[in-house]
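Here is input-v2.txt, consisting of compact mmCIF, C-alpha atoms:
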# COMPACT_ATOMS: atom_id res chain seq x y z
CA MET A 419 -22.06 -11.86 20.16
CA ALA A 420 -18.69 -11.57 21.88
CA LEU A 421 -16.96 -8.29 21.23
CA SER A 422 -13.19 -8.06 20.97
CA ALA A 423 -11.25 -5.07 22.35
CA ALA A 424 -11.12 -3.64 18.83
CA ASP A 425 -14.88 -4.10 18.44
CA LYS A 426 -15.48 -2.26 21.71
CA ARG A 427 -13.28 0.61 20.59
CA ALA A 428 -15.26 0.83 17.36
CA LEU A 429 -18.48 0.78 19.37
CA ARG A 430 -17.36 3.62 21.63
CA THR A 431 -16.16 5.70 18.68
CA GLY A 432 -19.44 5.10 16.85
CA ILE A 433 -21.53 6.23 19.80
CA SER A 434 -19.45 9.35 20.44
CA VAL A 435 -19.56 10.35 16.79
CA GLY A 436 -23.29 9.65 16.79
CA ILE A 437 -23.92 11.97 19.74
CA ALA A 438 -21.75 14.78 18.36
CA VAL A 439 -23.41 14.69 14.95
CA ALA A 440 -26.92 14.22 16.22
CA ALA A 441 -26.72 17.60 17.93
CA TYR A 442 -26.74 19.17 14.47
CA GLY A 443 -30.19 17.68 13.96
CA VAL A 444 -31.67 20.33 16.28
CA SER A 445 -30.26 22.99 14.01
CA PHE A 446 -31.61 21.23 10.92
CA GLY A 447 -35.10 20.89 12.41
CA ALA A 448 -35.24 24.53 13.41
CA LEU A 449 -33.93 25.85 10.09
CA SER A 450 -36.21 23.58 8.08
CA VAL A 451 -39.34 24.90 9.78
CA ALA A 452 -38.04 28.43 9.36
CA ALA A 453 -37.55 27.68 5.63
CA GLY A 454 -41.25 26.94 5.29
CA LEU A 455 -41.43 23.15 5.57
CA ASP A 456 -43.86 21.74 8.11
CA VAL A 457 -42.82 19.49 10.99
CA TRP A 458 -43.74 16.30 9.07
CA GLN A 459 -41.85 17.25 5.93
CA THR A 460 -38.87 18.11 8.12
CA CYS A 461 -39.02 14.74 9.87
CA PHE A 462 -39.55 12.93 6.55
CA LEU A 463 -36.26 14.38 5.25
CA SER A 464 -34.35 13.15 8.30
CA LEU A 465 -36.03 9.74 8.25
CA VAL A 466 -35.84 8.99 4.53
CA LEU A 467 -33.33 11.32 2.87
CA PHE A 468 -30.98 10.99 5.86
CA SER A 469 -27.87 12.72 4.57
CA GLY A 470 -26.99 15.95 6.36
CA GLY A 471 -25.41 17.89 3.50
CA SER A 472 -28.30 17.11 1.14
CA GLN A 473 -30.91 17.96 3.74
CA PHE A 474 -29.39 21.36 4.44
CA ALA A 475 -29.20 21.96 0.66
CA VAL A 476 -32.92 21.20 0.21
CA ILE A 477 -34.06 23.55 2.95
CA GLY A 478 -31.55 26.23 1.93
CA ILE A 479 -32.94 26.33 -1.61
CA ILE A 480 -36.57 26.17 -0.44
CA ALA A 481 -35.85 29.00 2.00
CA SER A 482 -34.80 31.31 -0.82
CA GLY A 483 -36.93 30.00 -3.72
CA GLY A 484 -40.01 28.62 -2.01
CA ALA A 485 -41.98 25.57 -3.17
CA ALA A 486 -41.36 26.55 -6.81
CA ALA A 487 -37.67 25.77 -6.36
CA GLY A 488 -38.35 22.02 -6.20
CA ILE A 489 -36.22 21.02 -9.19
CA PRO A 490 -33.02 22.83 -8.11
CA ALA A 491 -33.56 21.57 -4.56
CA ILE A 492 -33.80 17.96 -5.77
CA ALA A 493 -30.83 18.36 -8.13
CA SER A 494 -28.60 19.90 -5.50
CA SER A 495 -29.58 17.34 -2.89
CA THR A 496 -28.92 14.43 -5.23
CA PHE A 497 -25.61 15.85 -6.34
CA LEU A 498 -24.43 16.17 -2.74
CA ALA A 499 -25.62 12.62 -2.07
CA LEU A 500 -23.50 11.13 -4.86
CA ARG A 501 -20.59 10.62 -2.51
CA ASN A 502 -22.71 8.23 -0.47
CA GLY A 503 -22.91 6.06 -3.59
CA ILE A 504 -19.13 5.90 -3.70
CA TYR A 505 -18.96 5.13 0.03
CA SER A 506 -21.43 2.31 -0.52
CA MET A 507 -18.93 0.51 -2.77
CA ARG A 508 -16.41 0.56 0.08
CA VAL A 509 -18.91 -0.32 2.77
CA ALA A 510 -20.86 -3.08 0.98
CA PRO A 511 -18.07 -5.67 1.44
CA ILE A 512 -17.86 -4.70 5.14
CA VAL A 513 -21.60 -5.25 5.58
CA GLY A 514 -21.23 -8.51 3.67
CA GLU A 515 -23.81 -10.78 2.12
CA GLY A 516 -27.04 -10.99 4.04
CA PRO A 517 -30.79 -10.82 3.77
CA TRP A 518 -32.11 -8.12 1.44
CA TRP A 519 -33.59 -6.07 4.28
CA ARG A 520 -30.26 -5.84 6.04
CA ARG A 521 -28.65 -4.46 2.89
CA ILE A 522 -31.50 -1.95 2.54
CA ILE A 523 -30.94 -0.72 6.09
CA ALA A 524 -27.16 -0.62 5.55
CA ALA A 525 -27.66 1.45 2.39
CA GLN A 526 -29.83 3.92 4.27
CA LEU A 527 -27.13 4.26 6.96
CA THR A 528 -24.29 4.75 4.44
CA ILE A 529 -23.14 8.33 5.10
CA ASP A 530 -19.90 10.21 5.81
CA GLU A 531 -19.71 9.32 9.49
CA SER A 532 -20.60 5.61 9.38
CA THR A 533 -18.14 5.11 6.51
CA ALA A 534 -15.39 7.06 8.29
CA VAL A 535 -15.74 5.11 11.55
CA ALA A 536 -15.80 1.81 9.63
CA ILE A 537 -12.62 2.47 7.65
CA ALA A 538 -10.83 3.80 10.75
CA GLN A 539 -10.85 0.25 12.13
CA ASP A 540 -8.22 -2.31 11.20
CA GLU A 541 -10.12 -5.55 11.68
CA LYS A 542 -13.10 -6.53 9.59
CA SER A 543 -15.32 -7.33 12.58
CA ALA A 544 -14.51 -3.94 14.15
CA GLN A 545 -15.26 -2.25 10.82
CA LYS A 546 -18.67 -3.89 10.84
CA VAL A 547 -19.33 -2.88 14.46
CA GLY A 548 -18.16 0.67 13.71
CA PHE A 549 -20.40 1.02 10.67
CA TRP A 550 -23.57 -0.27 12.34
CA THR A 551 -23.05 1.50 15.67
CA THR A 552 -22.37 4.85 14.06
CA GLY A 553 -25.17 4.49 11.53
CA ILE A 554 -27.78 3.48 14.11
CA ALA A 555 -26.63 6.01 16.74
CA ILE A 556 -26.77 8.85 14.23
CA TYR A 557 -30.07 7.69 12.75
CA ILE A 558 -31.81 7.67 16.12
CA GLY A 559 -30.10 10.80 17.45
CA TRP A 560 -30.46 12.81 14.24
CA ASN A 561 -34.17 12.04 13.96
CA LEU A 562 -35.00 12.77 17.61
CA ALA A 563 -32.99 16.00 17.39
CA THR A 564 -34.70 16.98 14.12
CA PHE A 565 -38.11 16.52 15.70
CA ALA A 566 -37.10 18.53 18.78
CA GLY A 567 -35.61 21.29 16.62
CA ALA A 568 -38.70 21.44 14.42
CA LEU A 569 -40.97 21.80 17.47
CA LEU A 570 -38.78 24.24 19.38
CA GLY A 571 -37.87 26.40 16.43
CA ASN A 572 -34.80 28.51 16.65
CA LEU A 573 -34.64 28.75 20.43
CA VAL A 574 -31.23 27.12 20.36
CA GLY A 575 -29.79 29.55 17.85
CA ASP A 576 -26.62 28.83 15.95
CA VAL A 577 -25.21 25.50 17.16
CA ASN A 578 -21.78 26.57 15.98
CA LYS A 579 -21.49 28.82 19.02
CA PHE A 580 -20.98 25.55 20.91
CA GLY A 581 -18.05 24.73 18.62
CA LEU A 582 -19.93 21.92 16.88
CA ASP A 583 -18.46 22.87 13.51
CA ALA A 584 -14.96 22.41 14.91
CA VAL A 585 -16.03 19.17 16.60
CA ALA A 586 -17.24 17.73 13.28
CA ALA A 587 -14.04 18.63 11.44
CA ALA A 588 -11.84 17.32 14.27
CA ALA A 589 -13.79 14.05 14.39
CA PHE A 590 -13.11 13.35 10.71
CA VAL A 591 -9.42 14.12 11.22
CA GLY A 592 -9.31 11.51 13.97
CA LEU A 593 -11.15 8.93 11.88
CA LEU A 594 -8.81 9.42 8.93
CA TRP A 595 -5.71 9.35 11.12
CA PRO A 596 -5.10 5.57 11.20
CA ARG A 597 -5.31 5.41 7.38
CA LEU A 598 -2.65 8.08 6.90
CA LYS A 599 0.17 5.81 8.04
CA GLN A 600 0.35 4.42 4.52
CA LEU A 601 2.27 6.67 2.17
CA GLN A 602 -0.18 6.30 -0.71
CA ALA A 603 -3.27 7.08 1.39
CA ALA A 604 -1.54 10.02 3.06
CA ALA A 605 -0.53 11.46 -0.32
CA VAL A 606 -4.07 11.01 -1.65
CA ALA A 607 -5.54 12.69 1.44
CA MET A 608 -3.15 15.61 1.16
CA VAL A 609 -3.73 16.24 -2.55
CA ALA A 610 -7.49 15.76 -2.13
CA ALA A 611 -7.66 18.28 0.72
CA VAL A 612 -5.66 20.89 -1.21
CA LEU A 613 -7.71 20.39 -4.38
CA ALA A 614 -10.99 20.65 -2.44
CA THR A 615 -9.83 23.85 -0.74
CA ILE A 616 -8.85 25.44 -4.06
CA LEU A 617 -12.23 24.52 -5.56
CA ILE A 618 -14.39 25.88 -2.69
CA PRO A 619 -14.70 29.46 -4.08
CA PHE A 620 -15.10 28.40 -7.71
CA THR A 621 -17.55 25.50 -7.66
CA PRO A 622 -21.01 24.79 -6.26
CA PRO A 623 -21.22 22.91 -2.93
CA GLY A 624 -20.51 19.21 -3.35
CA VAL A 625 -18.07 19.61 -6.22
CA PRO A 626 -14.92 19.96 -4.06
CA VAL A 627 -15.54 16.64 -2.33
CA LEU A 628 -16.49 14.80 -5.52
CA ALA A 629 -13.48 16.23 -7.36
CA ALA A 630 -11.32 14.65 -4.67
CA ALA A 631 -12.53 11.29 -5.95
CA LEU A 632 -10.56 11.93 -9.15
CA VAL A 633 -7.37 12.17 -7.11
CA ALA A 634 -8.08 8.73 -5.68
CA LEU A 635 -8.79 7.32 -9.14
CA VAL A 636 -5.49 8.60 -10.50
CA PHE A 637 -3.47 7.19 -7.60
CA GLY A 638 -5.48 4.00 -7.34
CA LEU A 639 -5.50 3.02 -11.00
CA THR A 640 -1.83 3.78 -11.57
CA ASN A 641 -0.95 2.50 -8.09
CA TRP A 642 1.35 5.45 -7.69
CA LEU A 643 3.36 5.57 -4.44
CA HIS A 644 2.07 2.18 -3.38
CA ARG A 645 4.73 0.49 -1.30
CA GLU A 646 4.46 -3.26 -1.23
CA PRO A 647 6.88 -6.01 -2.23
CA ALA A 648 6.63 -6.44 -5.98
CA ALA A 649 6.12 -10.17 -5.58
CA GLN A 650 2.84 -9.56 -3.74
CA VAL A 651 1.47 -7.10 -6.23
CA GLN A 652 2.21 -8.89 -9.44
CA PRO A 653 -0.17 -11.85 -9.20
CA ASP A 654 -3.12 -9.54 -8.51
CA ASP A 655 -2.34 -7.22 -11.34
CA ALA A 656 -1.69 -10.07 -13.73
CA SER A 657 -4.99 -11.80 -13.00
CA GLU A 658 -7.17 -8.71 -13.15
CA PRO A 659 -7.60 -8.09 -16.86
CA LEU A 660 -8.87 -11.65 -17.36
CA ASP A 661 -11.49 -11.26 -14.65
CA THR A 662 -12.65 -7.81 -15.56
CA PRO A 663 -16.08 -7.96 -17.16
CA GLY A 664 -16.10 -6.48 -20.61
CA PHE A 665 -12.36 -6.79 -21.04
CA HIS A 666 -12.82 -9.64 -23.48
CA PRO A 667 -15.90 -8.70 -25.50
CA GLY A 668 -16.27 -12.23 -26.79
CA HIS A 669 -16.57 -13.82 -23.35
CA GLU A 670 -19.29 -11.84 -21.64
CA GLY A 671 -20.83 -13.60 -18.72
CA THR A 672 -18.20 -16.31 -18.53
CA ALA A 673 -17.25 -15.85 -14.92
CA SER A 674 -13.93 -17.49 -14.19
CA MET B 1189 -44.55 21.56 -7.46
CA THR B 1190 -45.60 21.06 -3.89
CA LEU B 1191 -43.11 20.82 -1.08
CA TRP B 1192 -44.13 17.23 -0.45
CA ILE B 1193 -43.17 16.15 -3.97
CA THR B 1194 -39.76 17.81 -3.56
CA VAL B 1195 -39.24 16.17 -0.19
CA ILE B 1196 -40.25 12.71 -1.40
CA VAL B 1197 -38.35 12.76 -4.72
CA ALA B 1198 -35.15 14.06 -3.10
CA SER B 1199 -35.43 11.39 -0.41
CA VAL B 1200 -36.04 8.52 -2.84
CA LEU B 1201 -33.12 9.60 -5.04
CA SER B 1202 -30.87 9.80 -1.99
CA PHE B 1203 -31.68 6.19 -1.18
CA VAL B 1204 -31.18 5.04 -4.77
CA VAL B 1205 -27.69 6.58 -4.79
CA LYS B 1206 -26.79 4.98 -1.45
CA TYR B 1207 -27.96 1.59 -2.68
CA THR B 1208 -25.74 1.47 -5.80
CA GLY B 1209 -22.72 -0.06 -4.06
CA TYR B 1210 -24.90 -2.82 -2.62
CA LEU B 1211 -26.05 -3.80 -6.12
CA ILE B 1212 -22.51 -4.43 -7.36
CA PRO B 1213 -21.53 -8.10 -6.95
CA GLN B 1214 -19.41 -8.65 -3.84
CA SER B 1215 -16.92 -10.69 -5.84
CA LEU B 1216 -16.16 -7.63 -7.97
CA LEU B 1217 -15.95 -5.25 -4.98
CA GLU B 1218 -13.51 -7.56 -3.25
CA LYS B 1219 -11.03 -7.70 -6.15
CA PRO B 1220 -7.68 -6.25 -5.06
CA LYS B 1221 -7.65 -3.45 -7.60
CA PHE B 1222 -11.27 -2.49 -6.85
CA THR B 1223 -10.66 -2.58 -3.09
CA ARG B 1224 -7.61 -0.40 -3.45
CA VAL B 1225 -9.49 2.18 -5.50
CA THR B 1226 -12.61 2.25 -3.27
CA ASN B 1227 -10.33 2.55 -0.24
CA LEU B 1228 -8.54 5.54 -1.69
CA LEU B 1229 -11.82 7.08 -2.89
CA THR B 1230 -13.13 7.03 0.66
CA VAL B 1231 -9.92 8.46 2.08
CA ALA B 1232 -9.82 11.20 -0.58
CA MET B 1233 -13.43 12.26 -0.07
CA LEU B 1234 -13.16 12.29 3.72
CA ALA B 1235 -9.94 14.33 3.51
CA ALA B 1236 -11.70 16.77 1.17
CA LEU B 1237 -14.59 16.88 3.62
CA VAL B 1238 -12.21 17.83 6.43
CA ALA B 1239 -10.88 20.66 4.26
CA VAL B 1240 -14.37 21.88 3.41
CA GLN B 1241 -15.58 21.62 7.01
CA THR B 1242 -12.52 23.43 8.33
CA LEU B 1243 -12.21 26.20 5.75
CA GLY B 1244 -15.48 26.43 3.83
CA ALA B 1245 -18.28 28.88 4.48
CA GLY B 1246 -20.73 28.34 1.67
CA GLN B 1247 -18.82 29.17 -1.48
CA SER B 1248 -16.03 31.08 0.18
CA ILE B 1249 -13.09 30.32 2.43
CA ALA B 1250 -13.29 31.52 6.03
CA ILE B 1251 -10.36 31.65 8.43
CA ASP B 1252 -11.93 31.19 11.85
CA ALA B 1253 -11.74 29.27 15.13
CA ARG B 1254 -12.17 25.94 13.32
CA ILE B 1255 -8.56 26.07 12.11
CA PRO B 1256 -6.79 26.23 15.51
CA ALA B 1257 -9.29 23.66 16.81
CA VAL B 1258 -8.42 21.21 14.03
CA ILE B 1259 -4.68 21.83 14.43
CA VAL B 1260 -4.90 21.14 18.17
CA ALA B 1261 -6.91 17.99 17.39
CA ALA B 1262 -4.31 16.75 14.90
CA ILE B 1263 -1.52 17.27 17.44
CA LEU B 1264 -3.46 15.41 20.13
CA PHE B 1265 -4.29 12.55 17.75
CA SER B 1266 -0.59 12.21 16.93
CA PHE B 1267 0.03 11.72 20.67
CA ARG B 1268 -2.65 9.00 20.67
CA VAL B 1269 -4.99 10.88 22.99
CA PRO B 1270 -8.40 9.12 22.99
CA PHE B 1271 -10.83 10.16 20.28
CA ILE B 1272 -13.60 11.51 22.51
CA VAL B 1273 -11.16 13.63 24.53
CA VAL B 1274 -9.63 15.16 21.41
CA VAL B 1275 -12.99 15.96 19.88
CA ALA B 1276 -14.17 17.60 23.11
CA VAL B 1277 -10.97 19.66 23.34
CA ALA B 1278 -11.41 20.80 19.73
CA GLY B 1279 -14.90 22.05 20.56
CA ILE B 1280 -13.64 23.84 23.68
CA VAL B 1281 -10.82 25.53 21.74
CA ALA B 1282 -13.33 26.91 19.22
CA VAL B 1283 -15.78 28.06 21.90
CA VAL B 1284 -13.08 29.77 23.98
CA LEU B 1285 -11.58 31.58 20.98
CA ARG B 1286 -15.04 32.76 19.92
CA ASN B 1287 -16.01 33.91 23.39
CA LEU B 1288 -12.75 35.79 23.80
CA GLY B 1289 -13.58 37.48 20.54
CA TRP B 1290 -10.25 36.48 19.03
CA MET B 1291 -11.76 34.57 16.14
CA ALA B 1292 -15.12 34.18 14.46

Starting from the file, lay out its structure as structure tokens.
Amino acid sequence: MALSAADKRALRTGISVGIAVAAYGVSFGALSVAAGLDVWQTCFLSLVLFSGGSQFAVIGIIASGGAAAGIPAIASSTFLALRNGIYSMRVAPIVGEGPWWRRIIAAQLTIDESTAVAIAQDEKSAQKVGFWTTGIAIYIGWNLATFAGALLGNLVGDVNKFGLDAVAAAAFVGLLWPRLKQLQAAAVAMVAAVLATILIPFTPPGVPVLAAALVALVFGLTNWLHREPAAQVQPDDASEPLDTPGFHPGHEGTAS
Amino acid sequence: MTLWITVIVASVLSFVVKYTGYLIPQSLLEKPKFTRVTNLLTVAMLAALVAVQTLGAGQSIAIDARIPAVIVAAILFSFRVPFIVVVAVAGIVAVVLRNLGWMA
């Protein structure tokens, strides 16, 4: 496969994001064992659950409530994972049609970072390269780091003393940057960030980010602040109601 | 409930959630209105994530070395400094401020 310059940029970004994030895996592994999970349970979470926020939620709740806290641990983990479901709607067209196993692997790799690197790219082939590179780099790195952390225990201490928390936040700023050139996306990002910040003290973890989705729905459905020549927008908007399933109750299943 | 059941159920549910988008027909996901909304959803959630990762500390807001690090990063990104350099600088800013004892 020949890679264009844009593809190579996506590849480099994916690998650097992968390395930066994977380092957190050491911290997860160590904290998980300290919370009372064994090495295999810890590795199972990184291999199968594979979503950082949810994994930290599970071990955080087990650490304070023990094995009896299974239901709240599962609920909290699943709630935090909901955003991956929304990402998957954006990423599925990038991954494209393909054999079932490829879509299974893509689903497993659909997380904050792989989605962010994918949408930071302009061309579709670079988006694909960005998604797969980031997803695979993080999957391998995160799992190796988890295993190491689980074996070593908390020898490393708080990874944030290496500035990893700042690195993670800065990385997402950089990945969002190219999208903020459009007025509508920039406005959505701004309102979403403010709303999330306001909600942090008042809502359980996970709510601030999901609430931001409402901002996108409002802007997206009303197409507020979208700047494009009216002539280009009209045909799309005019054709949509006819194609929308369920819009005409009498014609279900009659794909146009 | 044993720890294993918790670990397995949480993991399976995580996958089920991630798979939802791949179950929706491509033709629907590629409709202009749908694309526009999913695009903005992703941007909104990642922007919210930046806010939470920069300011959040559990369920409270913490003003610490992450803020100057992110501001420096944003300035460097606006000057088109390469991604990996910016991210490294952001980490260094946070580490230096913490080691100097100026910020948590």

Report task. Could you please determine the separation between atom CA of Ala603 of chain A and atom CA of Val627 of chain A in Å, to one decimal place? Result ->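 Atom CA of Val627 of chain A lies at a distance of 16.0 Å from atom CA of Ala603 of chain A.
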
Query raised in the report: Within 8 Å of segment 585-589 of chain A, counting all atoms listed in the file, which residues qualify if same-chain residues fewer than 3 places away don't, as JSON, numbers by chain?
Result: {"A": [435, 438, 439, 581, 582, 592, 593], "B": [1238, 1241, 1242, 1254, 1257, 1258, 1261, 1262, 1271, 1274, 1275, 1276, 1278, 1279]}

Query - Exercise: Thr533 of chain A partners within 7 Å, all atoms listed in the file, chain neighbours under 4 positions left out, as an MDAnalysis selection string - result: chainID A and resid 505 509 528:529 537 549

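When all atoms listed in the file are used to measure the gap to Asn1227 of chain B, the shortest distance among A:Thr615, A:Ser532, A:Ser506, A:Thr640 belongs to A:Ser506.
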
Query - Protein and nucleic acid residues near (-35.0, 15.3, 15.1) (cut-off 10 Å, all atoms listed in the file) as a ChimeraX atom specification - result: /A:440-448,457,460-465,557-569

Query - Residue hits in chain B, query chain A, radius 6 Å, only C-alpha atoms, as JSON, numbers by chain - result: {"B": [1189, 1190, 1191, 1194, 1198, 1199, 1202, 1205, 1206, 1207, 1208, 1209, 1210, 1225, 1226, 1228, 1229, 1232, 1233, 1235, 1236, 1238, 1239, 1241, 1242, 1247, 1248, 1254, 1258, 1261, 1275, 1278, 1279, 1282, 1283]}

Only C-alpha atoms, please: the residues just picked out, written as an mmCIF file, in the coordinates of the input.
data_model
loop_
_atom_site.group_PDB
_atom_site.id
_atom_site.type_symbol
_atom_site.label_atom_id
_atom_site.label_comp_id
_atom_site.auth_asym_id
_atom_site.auth_seq_id
_atom_site.Cartn_x
_atom_site.Cartn_y
_atom_site.Cartn_z
ATOM 1 C CA MET B 1189 -44.550 21.560 -7.460
ATOM 2 C CA THR B 1190 -45.600 21.060 -3.890
ATOM 3 C CA LEU B 1191 -43.110 20.820 -1.080
ATOM 4 C CA THR B 1194 -39.760 17.810 -3.560
ATOM 5 C CA ALA B 1198 -35.150 14.060 -3.100
ATOM 6 C CA SER B 1199 -35.430 11.390 -0.410
ATOM 7 C CA SER B 1202 -30.870 9.800 -1.990
ATOM 8 C CA VAL B 1205 -27.690 6.580 -4.790
ATOM 9 C CA LYS B 1206 -26.790 4.980 -1.450
ATOM 10 C CA TYR B 1207 -27.960 1.590 -2.680
ATOM 11 C CA THR B 1208 -25.740 1.470 -5.800
ATOM 12 C CA GLY B 1209 -22.720 -0.060 -4.060
ATOM 13 C CA TYR B 1210 -24.900 -2.820 -2.620
ATOM 14 C CA VAL B 1225 -9.490 2.180 -5.500
ATOM 15 C CA THR B 1226 -12.610 2.250 -3.270
ATOM 16 C CA LEU B 1228 -8.540 5.540 -1.690
ATOM 17 C CA LEU B 1229 -11.820 7.080 -2.890
ATOM 18 C CA ALA B 1232 -9.820 11.200 -0.580
ATOM 19 C CA MET B 1233 -13.430 12.260 -0.070
ATOM 20 C CA ALA B 1235 -9.940 14.330 3.510
ATOM 21 C CA ALA B 1236 -11.700 16.770 1.170
ATOM 22 C CA VAL B 1238 -12.210 17.830 6.430
ATOM 23 C CA ALA B 1239 -10.880 20.660 4.260
ATOM 24 C CA GLN B 1241 -15.580 21.620 7.010
ATOM 25 C CA THR B 1242 -12.520 23.430 8.330
ATOM 26 C CA GLN B 1247 -18.820 29.170 -1.480
ATOM 27 C CA SER B 1248 -16.030 31.080 0.180
ATOM 28 C CA ARG B 1254 -12.170 25.940 13.320
ATOM 29 C CA VAL B 1258 -8.420 21.210 14.030
ATOM 30 C CA ALA B 1261 -6.910 17.990 17.390
ATOM 31 C CA VAL B 1275 -12.990 15.960 19.880
ATOM 32 C CA ALA B 1278 -11.410 20.800 19.730
ATOM 33 C CA GLY B 1279 -14.900 22.050 20.560
ATOM 34 C CA ALA B 1282 -13.330 26.910 19.220
ATOM 35 C CA VAL B 1283 -15.780 28.060 21.900
#

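Picture a line from atom CA of Ile437 of chain A to atom CA of Gly553 of chain A; it runs 11.2 Å.
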